[in-house]
Each structure stands twice: as C-alpha cells, then as structure tokens.
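Data block for upload_20.cif (mmCIF, C-alpha atoms):
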data_start
#
loop_
_atom_site.group_PDB
_atom_site.id
_atom_site.type_symbol
_atom_site.label_atom_id
_atom_site.label_comp_id
_atom_site.auth_asym_id
_atom_site.auth_seq_id
_atom_site.Cartn_x
_atom_site.Cartn_y
_atom_site.Cartn_z
ATOM 1 C CA CYS A 1 -151.354 -72.706 29.973
ATOM 2 C CA GLY A 2 -148.960 -71.455 32.611
ATOM 3 C CA VAL A 3 -148.633 -70.370 36.225
ATOM 4 C CA GLU A 4 -147.412 -67.084 37.688
ATOM 5 C CA GLN A 5 -145.149 -66.851 40.723
ATOM 6 C CA SER A 6 -148.238 -65.977 42.796
ATOM 7 C CA GLY A 7 -149.923 -69.237 41.824
ATOM 8 C CA GLN A 8 -152.364 -67.665 39.398
ATOM 9 C CA VAL A 9 -153.152 -69.912 36.424
ATOM 10 C CA VAL A 10 -152.867 -68.281 33.004
ATOM 11 C CA ILE A 11 -154.746 -69.758 30.039
ATOM 12 C CA GLY A 12 -154.513 -68.660 26.429
ATOM 13 C CA PRO A 13 -151.874 -66.754 24.442
ATOM 14 C CA GLU A 14 -150.758 -64.861 27.569
ATOM 15 C CA ALA A 15 -149.505 -68.160 29.037
ATOM 16 C CA ALA A 16 -146.417 -67.879 26.845
ATOM 17 C CA ASP A 17 -145.232 -65.004 29.081
ATOM 18 C CA ALA A 18 -146.121 -66.694 32.391
ATOM 19 C CA THR A 19 -143.383 -67.405 34.942
ATOM 20 C CA TYR A 20 -143.832 -71.147 34.483
ATOM 21 C CA GLU A 21 -145.043 -72.651 31.216
ATOM 22 C CA LEU A 22 -147.012 -75.849 31.763
ATOM 23 C CA GLN A 23 -148.232 -76.584 28.250
ATOM 24 C CA ARG A 24 -147.134 -75.020 24.998
ATOM 25 C CA PRO A 25 -149.670 -73.906 22.351
ATOM 26 C CA GLY A 26 -150.807 -76.683 20.047
ATOM 27 C CA ALA A 27 -149.734 -79.461 22.431
ATOM 28 C CA LEU A 28 -152.094 -82.194 23.623
ATOM 29 C CA SER A 29 -151.214 -85.117 25.856
ATOM 30 C CA ALA A 30 -151.923 -88.620 24.588
ATOM 31 C CA PRO A 31 -154.405 -89.378 27.420
ATOM 32 C CA ASP A 32 -156.244 -86.101 26.693
ATOM 33 C CA LEU A 33 -156.418 -87.042 23.008
ATOM 34 C CA ALA A 34 -157.935 -90.393 23.910
ATOM 35 C CA GLU A 35 -160.448 -88.704 26.223
ATOM 36 C CA CYS A 36 -161.472 -86.244 23.490
ATOM 37 C CA LEU A 37 -162.025 -89.014 20.958
ATOM 38 C CA LYS A 38 -164.079 -90.956 23.479
ATOM 39 C CA ARG A 39 -166.301 -88.047 24.500
ATOM 40 C CA LEU A 40 -166.726 -86.414 21.088
ATOM 41 C CA GLN A 41 -166.946 -89.451 18.812
ATOM 42 C CA GLY A 42 -167.427 -92.401 21.144
ATOM 43 C CA VAL A 43 -164.132 -93.874 19.931
ATOM 44 C CA GLU A 44 -162.182 -96.034 22.368
ATOM 45 C CA VAL A 45 -158.448 -95.914 21.660
ATOM 46 C CA ALA A 46 -156.671 -99.066 22.768
ATOM 47 C CA PRO A 47 -153.553 -98.532 24.910
ATOM 48 C CA ARG A 48 -151.353 -100.133 22.247
ATOM 49 C CA ALA A 49 -152.688 -97.751 19.571
ATOM 50 C CA LEU A 50 -152.268 -94.757 21.857
ATOM 51 C CA ARG A 51 -148.701 -95.798 22.591
ATOM 52 C CA ALA A 52 -147.988 -96.075 18.850
ATOM 53 C CA ILE A 53 -149.350 -92.556 18.289
ATOM 54 C CA ALA A 54 -147.215 -91.172 21.112
ATOM 55 C CA ASP A 55 -144.095 -92.955 19.838
ATOM 56 C CA SER A 56 -144.621 -91.661 16.286
ATOM 57 C CA PHE A 57 -145.716 -88.089 16.901
ATOM 58 C CA GLY A 58 -145.192 -87.327 20.573
ATOM 59 C CA GLY A 59 -142.565 -85.667 22.703
ATOM 60 C CA PRO A 60 -141.791 -85.589 26.422
ATOM 61 C CA GLY A 61 -144.982 -85.513 28.473
ATOM 62 C CA VAL A 62 -143.479 -83.360 31.222
ATOM 63 C CA ALA A 63 -144.446 -79.715 31.605
ATOM 64 C CA PRO A 64 -141.799 -77.452 30.009
ATOM 65 C CA ALA A 65 -141.215 -75.602 33.305
ATOM 66 C CA ILE A 66 -140.471 -78.838 35.131
ATOM 67 C CA ARG A 67 -138.272 -80.180 32.346
ATOM 68 C CA ASP A 68 -136.297 -76.932 32.224
ATOM 69 C CA TRP A 69 -135.910 -76.873 36.016
ATOM 70 C CA LEU A 70 -134.578 -80.426 36.135
ATOM 71 C CA ALA A 71 -132.151 -79.818 33.278
ATOM 72 C CA SER A 72 -130.929 -76.651 34.986
ATOM 73 C CA THR A 73 -130.482 -78.438 38.315
ATOM 74 C CA LEU A 74 -128.462 -81.226 36.752
ATOM 75 C CA GLN A 75 -126.253 -78.826 34.807
ATOM 76 C CA LYS A 76 -125.781 -75.824 37.075
ATOM 77 C CA ASP A 77 -125.598 -77.730 40.354
ATOM 78 C CA GLY A 78 -123.438 -80.515 38.921
ATOM 79 C CA MET A 79 -125.905 -83.262 39.822
ATOM 80 C CA ALA A 80 -126.398 -86.731 38.348
ATOM 81 C CA ASP A 81 -129.756 -88.437 37.739
ATOM 82 C CA SER A 82 -128.617 -91.746 39.188
ATOM 83 C CA PHE A 83 -131.228 -93.959 37.526
ATOM 84 C CA ALA A 84 -130.849 -92.461 34.050
ATOM 85 C CA GLU A 85 -127.062 -92.647 34.179
ATOM 86 C CA LEU A 86 -126.827 -96.224 35.423
ATOM 87 C CA HIS A 87 -129.720 -97.550 33.317
ATOM 88 C CA PRO A 88 -129.530 -95.460 30.127
ATOM 89 C CA ALA A 89 -131.233 -98.087 27.933
ATOM 90 C CA ALA A 90 -134.169 -98.804 30.249
ATOM 91 C CA GLU A 91 -137.581 -98.459 28.584
ATOM 92 C CA GLU A 92 -140.839 -97.324 30.185
ATOM 93 C CA ARG A 93 -139.658 -97.362 33.778
ATOM 94 C CA PHE A 94 -142.108 -95.268 35.776
ATOM 95 C CA THR A 95 -142.583 -94.554 39.463
ATOM 96 C CA CYS A 96 -146.164 -93.274 39.543
ATOM 97 C CA TRP A 97 -149.419 -94.225 37.826
ATOM 98 C CA ASP A 98 -153.052 -93.073 37.787
ATOM 99 C CA GLN A 99 -154.611 -95.783 39.928
ATOM 100 C CA TYR A 100 -158.160 -94.516 39.393
ATOM 101 C CA LYS A 101 -157.814 -95.729 35.792
ATOM 102 C CA ASN A 102 -155.690 -98.809 36.532
ATOM 103 C CA ARG A 103 -152.855 -97.310 34.494
ATOM 104 C CA ARG A 104 -150.262 -99.316 36.379
ATOM 105 C CA HIS A 105 -151.607 -102.482 34.774
ATOM 106 C CA GLU A 106 -150.950 -100.981 31.350
ATOM 107 C CA ASN A 107 -147.695 -99.405 32.570
ATOM 108 C CA VAL A 108 -148.757 -95.936 31.484
ATOM 109 C CA GLY A 109 -147.162 -93.638 34.029
ATOM 110 C CA SER A 110 -144.474 -91.086 34.848
ATOM 111 C CA ARG A 111 -141.030 -91.158 36.394
ATOM 112 C CA ILE A 112 -141.297 -88.400 38.969
ATOM 113 C CA ASP A 113 -139.228 -89.854 41.815
ATOM 114 C CA PHE A 114 -135.497 -89.233 41.533
ATOM 115 C CA ILE A 115 -132.302 -89.654 43.484
ATOM 116 C CA LEU A 116 -130.057 -86.786 42.415
ATOM 117 C CA VAL A 117 -126.436 -87.019 43.523
ATOM 118 C CA ASP A 118 -123.643 -84.491 43.199
ATOM 119 C CA ARG A 119 -121.295 -85.536 40.434
ATOM 120 C CA PRO A 120 -118.119 -86.226 42.491
ATOM 121 C CA LEU A 121 -119.995 -88.496 44.930
ATOM 122 C CA PHE A 122 -121.777 -90.243 42.075
ATOM 123 C CA GLU A 123 -118.576 -90.994 40.203
ATOM 124 C CA ARG A 124 -116.805 -92.149 43.354
ATOM 125 C CA CYS A 125 -119.468 -94.258 45.033
ATOM 126 C CA ALA A 126 -122.502 -94.980 42.824
ATOM 127 C CA ARG A 127 -122.886 -98.567 41.645
ATOM 128 C CA ARG A 128 -125.395 -100.233 39.326
ATOM 129 C CA GLY A 129 -125.738 -103.472 41.256
ATOM 130 C CA GLY A 130 -128.214 -106.058 39.997
ATOM 131 C CA ASP A 131 -130.422 -105.845 36.928
ATOM 132 C CA LEU A 132 -133.724 -104.013 36.925
ATOM 133 C CA ASP A 133 -136.706 -106.013 38.143
ATOM 134 C CA SER A 134 -138.116 -108.054 35.253
ATOM 135 C CA ARG A 135 -139.772 -110.947 37.094
ATOM 136 C CA GLY A 136 -137.623 -113.181 34.897
ATOM 137 C CA ARG A 137 -139.927 -112.654 31.935
ATOM 138 C CA ALA A 138 -137.957 -110.446 29.552
ATOM 139 C CA GLU A 139 -134.703 -108.600 28.979
ATOM 140 C CA PRO A 140 -134.390 -106.244 31.989
ATOM 141 C CA ASP A 141 -134.222 -103.003 29.978
ATOM 142 C CA SER A 142 -137.238 -103.841 27.803
ATOM 143 C CA ALA A 143 -140.771 -102.460 27.975
ATOM 144 C CA ALA A 144 -142.071 -105.985 28.584
ATOM 145 C CA ALA A 145 -139.874 -106.270 31.675
ATOM 146 C CA ALA A 146 -141.115 -102.905 32.938
ATOM 147 C CA LEU A 147 -144.743 -104.034 32.612
ATOM 148 C CA ALA A 148 -144.008 -107.325 34.375
ATOM 149 C CA ALA A 149 -142.311 -105.461 37.227
ATOM 150 C CA ALA A 150 -145.134 -102.909 37.531
ATOM 151 C CA THR A 151 -147.675 -105.694 38.049
ATOM 152 C CA LEU A 152 -145.343 -107.777 40.238
ATOM 153 C CA GLY A 153 -145.366 -110.536 37.664
ATOM 154 C CA GLY A 154 -149.151 -110.670 37.585
ATOM 155 C CA LEU A 155 -149.634 -110.847 41.354
ATOM 156 C CA SER A 156 -151.189 -107.358 41.362
ATOM 157 C CA GLN A 157 -154.653 -107.297 39.841
ATOM 158 C CA PRO A 158 -156.562 -104.218 38.624
ATOM 159 C CA SER A 159 -159.416 -102.765 40.611
ATOM 160 C CA SER A 160 -162.948 -103.279 39.339
ATOM 161 C CA PHE A 161 -164.521 -100.201 37.743
ATOM 162 C CA ALA A 162 -167.798 -101.437 39.196
ATOM 163 C CA GLY A 163 -166.615 -100.373 42.640
ATOM 164 C CA GLY A 164 -165.477 -102.164 45.744
ATOM 165 C CA GLY A 165 -162.004 -100.661 45.997
ATOM 166 C CA MET A 166 -158.673 -102.323 45.423
ATOM 167 C CA PRO A 167 -158.159 -106.071 45.823
ATOM 168 C CA ALA A 168 -156.935 -107.148 49.239
ATOM 169 C CA LEU A 169 -153.170 -107.187 49.662
ATOM 170 C CA GLU A 170 -152.127 -110.835 49.828
ATOM 171 C CA GLU A 171 -148.988 -112.044 51.557
ATOM 172 C CA ASP A 172 -147.202 -113.177 48.389
ATOM 173 C CA GLU A 173 -147.902 -109.813 46.740
ATOM 174 C CA TYR A 174 -146.570 -107.946 49.775
ATOM 175 C CA PHE A 175 -143.297 -109.889 49.881
ATOM 176 C CA ALA A 176 -142.793 -109.604 46.106
ATOM 177 C CA GLN A 177 -141.508 -106.047 46.574
ATOM 178 C CA PHE A 178 -138.291 -107.222 48.240
ATOM 179 C CA ARG A 179 -135.354 -107.850 45.931
ATOM 180 C CA PRO A 180 -132.651 -110.509 46.449
ATOM 181 C CA GLN A 181 -129.709 -108.110 46.128
ATOM 182 C CA PRO A 182 -129.030 -104.365 46.472
ATOM 183 C CA ALA A 183 -129.093 -102.309 43.305
ATOM 184 C CA THR A 184 -129.725 -98.896 41.828
ATOM 185 C CA GLY A 185 -133.212 -98.952 40.410
ATOM 186 C CA MET A 186 -136.824 -99.157 41.458
ATOM 187 C CA LEU A 187 -138.547 -101.040 44.263
ATOM 188 C CA TYR A 188 -141.972 -102.096 43.070
ATOM 189 C CA THR A 189 -144.155 -101.809 46.143
ATOM 190 C CA PRO A 190 -147.729 -103.151 45.805
ATOM 191 C CA PRO A 191 -150.329 -100.663 44.523
ATOM 192 C CA GLN A 192 -152.332 -101.042 47.745
ATOM 193 C CA LEU A 193 -149.523 -99.214 49.563
ATOM 194 C CA SER A 194 -149.214 -96.191 47.257
ATOM 195 C CA ASP A 195 -149.626 -94.937 43.701
ATOM 196 C CA HIS A 196 -145.837 -94.351 43.826
ATOM 197 C CA ILE A 197 -143.044 -96.861 44.131
ATOM 198 C CA ALA A 198 -139.671 -96.405 45.794
ATOM 199 C CA VAL A 199 -136.367 -95.706 44.077
ATOM 200 C CA SER A 200 -132.947 -96.843 45.244
ATOM 201 C CA LEU A 201 -129.288 -95.989 44.815
ATOM 202 C CA LEU A 202 -126.476 -98.367 45.646
ATOM 203 C CA LEU A 203 -123.407 -96.653 47.099
ATOM 204 C CA ALA A 204 -120.066 -98.302 47.790
ATOM 205 C CA GLY A 205 -116.915 -97.036 49.452
ATOM 206 C CA ALA A 206 -117.810 -95.692 52.876
ATOM 207 C CA LEU A 207 -116.085 -92.559 54.103
ATOM 208 C CA PRO A 208 -113.191 -93.086 56.518
ATOM 209 C CA ALA A 209 -114.076 -92.441 60.149
ATOM 210 C CA ALA A 210 -112.164 -89.143 60.246
ATOM 211 C CA ALA A 211 -113.929 -87.872 57.143
ATOM 212 C CA ALA A 212 -117.304 -88.983 58.483
ATOM 213 C CA ALA A 213 -116.702 -87.052 61.696
ATOM 214 C CA ALA A 214 -115.712 -83.984 59.727
ATOM 215 C CA SER A 215 -118.923 -84.185 57.713
ATOM 216 C CA ALA A 216 -121.230 -83.765 60.708
ATOM 217 C CA PRO A 217 -124.493 -81.961 59.847
ATOM 218 C CA ALA A 218 -123.926 -78.278 59.201
ATOM 219 C CA ARG A 219 -125.889 -75.815 61.333
ATOM 220 C CA ASP A 220 -125.876 -72.781 59.046
ATOM 221 C CA ALA A 221 -129.251 -71.240 58.174
ATOM 222 C CA GLU A 222 -129.265 -72.278 54.513
ATOM 223 C CA THR A 223 -128.539 -75.921 55.316
ATOM 224 C CA LEU A 224 -131.166 -76.063 58.049
ATOM 225 C CA ARG A 225 -133.727 -74.559 55.688
ATOM 226 C CA CYS A 226 -133.146 -77.542 53.376
ATOM 227 C CA GLN A 227 -133.669 -80.043 56.194
ATOM 228 C CA PRO A 228 -137.246 -79.574 57.475
ATOM 229 C CA HIS A 229 -137.323 -83.208 58.602
ATOM 230 C CA ARG A 230 -134.985 -82.336 61.493
ATOM 231 C CA THR A 231 -137.647 -80.244 63.183
ATOM 232 C CA ALA A 232 -140.752 -82.193 62.119
ATOM 233 C CA LYS A 233 -142.297 -84.520 64.690
ATOM 234 C CA ARG A 234 -145.209 -85.840 62.605
ATOM 235 C CA ILE A 235 -145.785 -86.418 58.901
ATOM 236 C CA THR A 236 -148.564 -83.811 59.010
ATOM 237 C CA ASP A 237 -145.941 -81.160 59.807
ATOM 238 C CA PHE A 238 -144.986 -81.229 56.134
ATOM 239 C CA PHE A 239 -148.478 -80.178 54.956
#

Would you kindly transcribe this structure into structure tokens?
Amino acid sequence: CGVEQSGQVVIGPEAADATYELQRPGALSAPDLAECLKRLQGVEVAPRALRAIADSFGGPGVAPAIRDWLASTLQKDGMADSFAELHPAAEERFTCWDQYKNRRHENVGSRIDFILVDRPLFERCARRGGDLDSRGRAEPDSAAAALAAATLGGLSQPSSFAGGGMPALEEDEYFAQFRPQPATGMLYTPPQLSDHIAVSLLLAGALPAAAAAASAPARDAETLRCQPHRTAKRITDFF
C-alpha cells in the first residue's frame, strides 16, 4: 500500500507508483502474521517464537518511505543520528510501544524518537556519557538490558486485559526514570505518563560568549517556519 501527496491511500499493484510507499508487495509485519495465525487457525505465537521468526526471515519494520526519508536526511543534510552513532551495538532499544497490548513488557516496539544533529556540531560536542540504562541486570547493550530498562527493573507492571486501566503510578516507579549521571541515550519514563519515552543527547564544550551572541535566533522566513513553538501559546496550537 502507499499514500499520494494528497493523502489518498492506494492499495494494490498501483501502490508501487504512489508518492510514498508504505508496504512493499509480499511483505507482512511480524505482529500481523501473529494476528493472522490467531484469527485463522487459533494459533497463539509466543513472543519469543515471533522474535525468532523476525530475526531469521525479517527485515526493517519501518515503512520504505520513512526509511528512505531518514536516510536521505542524514546523507543530504549532513546530519548524525546521535543515538545510533554513540551506541552502535545497542540491541532492541525502542522509544514507543503499543500499550493496548502491553508490548512494553515484552519490549516489542519501535525507535521513532530521534535527536538528529548536524555533523560538525556532533563531532565537536556530542558525548556518550554513561552506559545505557540496564537496571544493573545485564550488559548495557544487550536485549536483556533493554527489557529491564523498559519495565524499570520490574517496577512497571502490565495492565490487566480484564479492564480497569493501568496500575497506579507509585512513587518508586516515578522516581526510577531519573538517571544518576548525564548521558546520550534514553530516559525511561513510566508507562502511565506516555507510550513514548524521552531521548537525550549529552553535549560538551559550550560556545564562547561572543559566538553565542552571534548565533542569536535568525528571523528569516524559512527559519521562522521551522520554529512554530515560538508563536504557539498552548499545546493545542500544534494540532
């Protein structure tokens, strides 16, 4: 399937010629495969088995149009994906999960929150800082560490599918999001606050005062168009 510039969704063979390609012919996401097996044959695929299938036969789960856009932005605009560059060996680090299905507690999610930095600034000022959050339970770059961080070391509990909403946010769970030292990475906020978590970038080497003064916000039309927050008074102004 694909999407035209007008927003019209295109399904079928014609999607190959759409402005934005969302899913290529013959492709099926791992969650969709599991849903099909469940509905058609009553087969429940365990998360571990689904992960093994994805690792053996799968590819990137991001829509081709989005993947191409990000690659183009990084290359043509000379930008750096700060997390990927400073944590190249990190496994299964996500920033968003489907909370309706408690996916955070299986650490099945997506990394869709980025801090992109122009290459000269990144090389001059970006720092790795401390290790990724692992709750002290595994090697920081491992999948086990990512799962421990996503659940705040077990403090976050899944919601009941029987109803009743999410568990109450306890004080120890709330304060678990704060890290002891600055670092480039992810800040695992409790799931009661959002289905996303925050991302961070540690910068060192402040600009000299003269350079800071010279870098006052530009007022040209193109720059202002990229800074809607300067005119917004409420969060609803963005929607």

Counting only C-alpha atoms, which residues in stretch 50-72 of chain A sit no more than 12 Å from stretch 110-119 of chain A? For each one, give the nearest pair of atoms and the distance in Å, sorted by chain then residue number, as CSV.
residue,atom,partner,partner_atom,distance
A:Pro60,CA,A:Ser110,CA,10.4
A:Gly61,CA,A:Ser110,CA,8.5
A:Val62,CA,A:Ser110,CA,8.6
A:Ala63,CA,A:Ile112,CA,11.8
A:Ile66,CA,A:Ile112,CA,10.3
A:Arg67,CA,A:Ile112,CA,11.0
A:Leu70,CA,A:Leu116,CA,10.0
A:Ala71,CA,A:Leu116,CA,11.7

**the PyMOL selection byres ((chain A and resi 95-97) around 6) applied to the shown file, residues as a PyMOL selection string** = chain A and resi 94+98-99+103-104+109-111+195-197

Would you tabulate, counting only C-alpha atoms, all residues of stretch 125-151 of chain A that have an atom at most 10 Å from an atom of stretch 158-178 of chain A, showing the closest pair of atoms and their distance in Å to one decimal, sorted by chain then ascending number, as a Markdown table?
| residue | atom | partner | partner_atom | distance |
| --- | --- | --- | --- | --- |
| A:Asp133 | CA | A:Gln177 | CA | 9.7 |
| A:Arg135 | CA | A:Ala176 | CA | 9.6 |
| A:Ala149 | CA | A:Gln177 | CA | 9.4 |
| A:Thr151 | CA | A:Pro158 | CA | 9.0 |

**Request:** Please tell me which residues are no farther than 10 Å from (-133.2, -101.1, 45.0) in the file, counting only C-alpha atoms, and write them as a list of chain:residue names.
**Result:** A:Arg128, A:Gly129, A:Gly130, A:Asp131, A:Leu132, A:Asp133, A:Gln177, A:Phe178, A:Arg179, A:Pro180, A:Gln181, A:Pro182, A:Ala183, A:Thr184, A:Gly185, A:Met186, A:Leu187, A:Tyr188, A:Ala198, A:Val199, A:Ser200, A:Leu201, A:Leu202

**Fill in**
Correct to one decimal, the distance atom CA of A:Pro25-atom CA of A:Cys1 is 7.9 Å

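Distance annotation: of A:Lys101, A:Gln75, A:Ala143, A:Ser82, the residue with the minimal separation from A:Arg51 is A:Ala143; atom set is all atoms listed in the file.
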
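When atom CA of A:Arg124 is paired with atom CA of A:Ala204, their separation reads 8.3 Å.
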
**Prompt:** How many Å separate atom CA of A:Asp55 from atom CA of A:Ala89?
**Reply:**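 Interatomic distance here is 16.0 Å.
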
**Request:** Might you spell out which residues the PyMOL selection byres ((chain A and resi 88) around 12) would select in the displayed file, as a ChimeraX atom specification?
**Result:** /A:81-87,89-93,128,132,140-142,185
